[in-house]
>>> print(open('model-v4.pdb').read())   # PDB, C-alpha atoms
ATOM      1  CA  MET T   1      11.954  27.839 -10.045
ATOM      2  CA  LYS T   2       8.816  27.136  -8.068
ATOM      3  CA  SER T   3       6.129  29.764  -7.728
ATOM      4  CA  TYR T   4       6.040  31.723  -4.502
ATOM      5  CA  GLN T   5       2.971  31.272  -2.330
ATOM      6  CA  LYS T   6       2.138  34.374  -0.317
ATOM      7  CA  PRO T   7       1.068  33.780   3.269
ATOM      8  CA  SER T   8      -2.720  33.787   3.598
ATOM      9  CA  SER T   9      -2.450  36.914   5.765
ATOM     10  CA  ALA T  10      -0.747  38.857   2.930
ATOM     11  CA  LYS T  11      -2.999  41.233   1.045
ATOM     12  CA  CYS T  12      -2.527  42.233  -2.558
ATOM     13  CA  SER T  13      -4.545  45.013  -4.110
ATOM     14  CA  ALA T  14      -4.235  43.620  -7.634
ATOM     15  CA  THR T  15      -7.266  42.154  -9.320
ATOM     16  CA  VAL T  16      -4.971  39.857 -11.292
ATOM     17  CA  SER T  17      -2.667  37.537  -9.368
ATOM     18  CA  PHE T  18       0.949  37.816 -10.445
ATOM     19  CA  ASP T  19       2.136  34.924  -8.242
ATOM     20  CA  LEU T  20       2.557  32.483 -11.110
ATOM     21  CA  ILE T  21       4.471  34.916 -13.296
ATOM     22  CA  PHE T  22       7.028  36.041 -10.685
ATOM     23  CA  SER T  23       9.360  33.133 -11.263
ATOM     24  CA  ASP T  24       9.271  33.682 -15.028
ATOM     25  CA  TYR T  25       9.849  37.391 -14.379
ATOM     26  CA  LEU T  26      12.975  36.620 -12.348
ATOM     27  CA  ASP T  27      14.164  34.165 -15.011
ATOM     28  CA  ARG T  28      13.575  36.851 -17.648
ATOM     29  CA  SER T  29      11.397  34.474 -19.633
ATOM     30  CA  ILE T  30       8.317  36.664 -20.061
ATOM     31  CA  SER T  31       7.367  39.051 -22.794
ATOM     32  CA  GLU T  32       8.259  42.730 -22.658
ATOM     33  CA  HIS T  33       4.584  43.568 -22.145
ATOM     34  CA  GLN T  34       4.303  41.140 -19.210
ATOM     35  CA  ARG T  35       7.537  42.495 -17.705
ATOM     36  CA  ILE T  36       6.172  46.035 -17.778
ATOM     37  CA  LEU T  37       2.909  44.903 -16.153
ATOM     38  CA  VAL T  38       4.772  43.078 -13.395
ATOM     39  CA  GLU T  39       7.149  45.981 -12.744
ATOM     40  CA  ASN T  40       4.267  48.445 -12.611
ATOM     41  CA  HIS T  41       2.491  46.190 -10.129
ATOM     42  CA  LEU T  42       5.634  45.765  -8.011
ATOM     43  CA  THR T  43       5.987  49.549  -7.828
ATOM     44  CA  ASP T  44       2.560  49.794  -6.169
ATOM     45  CA  CYS T  45       2.392  46.550  -4.168
ATOM     46  CA  PRO T  46       4.784  46.075  -1.243
ATOM     47  CA  THR T  47       3.453  42.552  -0.586
ATOM     48  CA  CYS T  48       4.335  41.326  -4.058
ATOM     49  CA  ARG T  49       7.586  43.299  -4.088
ATOM     50  CA  GLU T  50       8.598  41.485  -0.888
ATOM     51  CA  ALA T  51       7.576  38.145  -2.406
ATOM     52  CA  VAL T  52       9.749  38.765  -5.479
ATOM     53  CA  GLU T  53      12.699  39.821  -3.305
ATOM     54  CA  GLU T  54      12.352  36.623  -1.261
ATOM     55  CA  MET T  55      12.217  34.523  -4.435
ATOM     56  CA  LYS T  56      15.285  36.330  -5.767
ATOM     57  CA  THR T  57      17.198  35.672  -2.528
ATOM     58  CA  ILE T  58      16.212  31.996  -2.531
ATOM     59  CA  GLY T  59      17.309  31.666  -6.162
ATOM     60  CA  GLU T  60      20.674  33.268  -5.402
ATOM     61  CA  MET T  61      21.191  30.982  -2.403
ATOM     62  CA  ALA T  62      20.228  27.912  -4.445
ATOM     63  CA  SER T  63      22.704  28.823  -7.180
ATOM     64  CA  GLU T  64      25.494  28.716  -4.590
ATOM     65  CA  LEU T  65      24.732  25.137  -3.530
ATOM     66  CA  VAL T  66      27.438  22.602  -4.269
ATOM     67  CA  GLU T  67      26.597  19.141  -5.530
ATOM     68  CA  VAL T  68      27.928  16.501  -3.166
ATOM     69  CA  PRO T  69      28.427  13.009  -4.603
ATOM     70  CA  ILE T  70      26.593  10.192  -2.854
ATOM     71  CA  PRO T  71      28.997   7.542  -1.549
ATOM     72  CA  SER T  72      28.727   4.256  -3.445
ATOM     73  CA  SER T  73      27.765   2.353  -0.265
ATOM     74  CA  VAL T  74      24.788   4.685   0.228
ATOM     75  CA  GLN T  75      23.839   4.353  -3.445
ATOM     76  CA  GLN T  76      23.850   0.566  -3.102
ATOM     77  CA  ARG T  77      21.676   0.657   0.031
ATOM     78  CA  LEU T  78      19.217   2.965  -1.731
ATOM     79  CA  ARG T  79      19.046   0.626  -4.739
ATOM     80  CA  ASP T  80      18.559  -2.403  -2.484
ATOM     81  CA  ASN T  81      15.788  -0.699  -0.492
ATOM     82  CA  LEU T  82      14.021   0.513  -3.633
ATOM     83  CA  ARG T  83      14.274  -2.944  -5.193
ATOM     84  CA  LYS T  84      12.818  -4.529  -2.026
ATOM     85  CA  GLN T  85       9.949  -2.016  -1.908
ATOM     86  CA  LEU T  86       9.171  -2.632  -5.566
ATOM     87  CA  ASN T  87       9.221  -6.397  -5.076
ATOM     88  CA  ASP T  88       6.962  -6.075  -2.013
ATOM     89  CA  GLN T  89       4.488  -3.965  -3.987
ATOM     90  CA  LEU T  90       4.511  -6.388  -6.912
ATOM     91  CA  PHE T  91       3.960  -9.320  -4.548
ATOM     92  CA  LYS T  92       0.987  -7.559  -2.918
ATOM     93  CA  GLN T  93      -0.529  -6.778  -6.317
ATOM     94  CA  GLU T  94      -0.050 -10.374  -7.435
ATOM     95  CA  ALA T  95      -1.637 -11.632  -4.207
ATOM     96  CA  LYS T  96      -4.669  -9.399  -4.817
ATOM     97  CA  LEU T  97      -5.022 -10.778  -8.343
ATOM     98  CA  VAL T  98      -4.861 -14.338  -7.043
ATOM     99  CA  VAL T  99      -7.592 -13.618  -4.478
ATOM    100  CA  ILE T 100      -9.756 -11.811  -7.020
ATOM    101  CA  GLY T 101      -9.163 -14.418  -9.727
ATOM    102  CA  GLY T 102      -9.726 -17.387  -7.443
ATOM    103  CA  GLY T 103      -6.225 -18.806  -7.637
ATOM    104  CA  ARG T 104      -3.427 -19.302 -10.125
ATOM    105  CA  SER T 105      -3.866 -21.115 -13.378
TER     106      SER T 105
END
>>> encode(input="model-v4.pdb", output="structure tokens")
Amino acid sequence: MKSYQKPSSAKCSATVSFDLIFSDYLDRSISEHQRILVENHLTDCPTCREAVEEMKTIGEMASELVEVPIPSSVQQRLRDNLRKQLNDQLFKQEAKLVVIGGGRS
């Protein structure tokens, strides 16, 4: 899960930013000591509490998403376009080398 970025207008009274640990907190992948620190902070900080609630809601919504298969015709067009872009980039790089090197050998 990505870390939540508080709006610049949001104020947090903590001297230590908990933003980066919130996602791990929600995933339950932090130590007991870290969990206690986060929960104590959330008790006192409505801004961070709201941020964690938003992250939790987003995570719940994301878990309900259904994977939709891409039709084979769309897959083929994507492959063709990617192949063309790659070939164009390789051609441009080769052209630069020819100009820099003074021609092909």
>>> closest_residue(input="model-v4.pdb", among="T:Ile21, T:Cys12, T:Leu26, T:Arg77", to="Gly59 in chain T", atoms="only C-alpha atoms")
T:Leu26
>>> atom_distance(input="model-v4.pdb", atom1="CA of Thr47 in chain T", atom2="CA of Glu64 in chain T")
26.3 Å
>>> closest_atom_pairs(input="model-v4.pdb", of="range 41-74 of chain T", to="range 78-97 of chain T", cutoff="10 Å", atoms="only C-alpha atoms", output="JSON lines")
{"residue": "T:Ser72", "atom": "CA", "partner": "T:Leu78", "partner_atom": "CA", "distance": 9.7}
{"residue": "T:Ser73", "atom": "CA", "partner": "T:Leu78", "partner_atom": "CA", "distance": 8.7}
{"residue": "T:Val74", "atom": "CA", "partner": "T:Leu78", "partner_atom": "CA", "distance": 6.2}
>>> atom_distance(input="model-v4.pdb", atom1="CA of Glu53 in chain T", atom2="CA of Glu39 in chain T")
12.6 Å
>>> atom_distance(input="model-v4.pdb", atom1="CA of Leu42 in chain T", atom2="CA of Ser63 in chain T")
24.1 Å
>>> closest_residue(input="model-v4.pdb", among="T:Glu67, T:Glu54, T:Glu60, T:Asp24", to="Val38 in chain T", atoms="all atoms listed in the file")
T:Asp24
>>> build_atoms(input="model-v4.pdb", residues="range 36-58 of chain T", atoms="N, CA and C atoms", output="compact mmCIF listing (two decimals), in the frame of the given file")
# COMPACT_ATOMS: atom_id res chain seq x y z
N ILE T 36 6.62 44.68 -18.13
CA ILE T 36 6.17 46.04 -17.78
C ILE T 36 5.00 45.96 -16.80
N LEU T 37 4.05 45.05 -17.06
CA LEU T 37 2.91 44.90 -16.15
C LEU T 37 3.37 44.50 -14.75
N VAL T 38 4.28 43.54 -14.69
CA VAL T 38 4.77 43.08 -13.40
C VAL T 38 5.50 44.21 -12.68
N GLU T 39 6.38 44.90 -13.38
CA GLU T 39 7.15 45.98 -12.74
C GLU T 39 6.25 47.12 -12.28
N ASN T 40 5.22 47.42 -13.05
CA ASN T 40 4.27 48.44 -12.61
C ASN T 40 3.55 47.99 -11.35
N HIS T 41 3.17 46.73 -11.31
CA HIS T 41 2.49 46.19 -10.13
C HIS T 41 3.43 46.21 -8.92
N LEU T 42 4.68 45.80 -9.12
CA LEU T 42 5.63 45.76 -8.01
C LEU T 42 5.90 47.16 -7.44
N THR T 43 5.81 48.17 -8.29
CA THR T 43 5.99 49.55 -7.83
C THR T 43 4.92 49.92 -6.80
N ASP T 44 3.70 49.42 -7.02
CA ASP T 44 2.56 49.79 -6.17
C ASP T 44 2.23 48.79 -5.07
N CYS T 45 2.81 47.61 -5.09
CA CYS T 45 2.39 46.55 -4.17
C CYS T 45 3.57 46.05 -3.33
N PRO T 46 3.67 46.51 -2.09
CA PRO T 46 4.78 46.08 -1.24
C PRO T 46 4.75 44.58 -0.94
N THR T 47 3.57 43.99 -0.86
CA THR T 47 3.45 42.55 -0.59
C THR T 47 4.10 41.74 -1.70
N CYS T 48 3.76 42.06 -2.93
CA CYS T 48 4.34 41.33 -4.06
C CYS T 48 5.81 41.65 -4.25
N ARG T 49 6.17 42.91 -3.99
CA ARG T 49 7.59 43.30 -4.09
C ARG T 49 8.42 42.47 -3.11
N GLU T 50 7.90 42.30 -1.89
CA GLU T 50 8.60 41.48 -0.89
C GLU T 50 8.68 40.02 -1.34
N ALA T 51 7.59 39.53 -1.93
CA ALA T 51 7.58 38.15 -2.41
C ALA T 51 8.64 37.94 -3.48
N VAL T 52 8.76 38.88 -4.41
CA VAL T 52 9.75 38.76 -5.48
C VAL T 52 11.16 38.85 -4.90
N GLU T 53 11.37 39.72 -3.94
CA GLU T 53 12.70 39.82 -3.30
C GLU T 53 13.07 38.51 -2.59
N GLU T 54 12.10 37.91 -1.92
CA GLU T 54 12.35 36.62 -1.26
C GLU T 54 12.69 35.54 -2.29
N MET T 55 11.94 35.50 -3.38
CA MET T 55 12.22 34.52 -4.43
C MET T 55 13.61 34.74 -5.03
N LYS T 56 13.98 36.00 -5.21
CA LYS T 56 15.28 36.33 -5.77
C LYS T 56 16.39 35.86 -4.82
N THR T 57 16.22 36.10 -3.53
CA THR T 57 17.20 35.67 -2.53
C THR T 57 17.32 34.15 -2.50
N ILE T 58 16.19 33.47 -2.53
CA ILE T 58 16.21 32.00 -2.53
C ILE T 58 16.92 31.47 -3.77
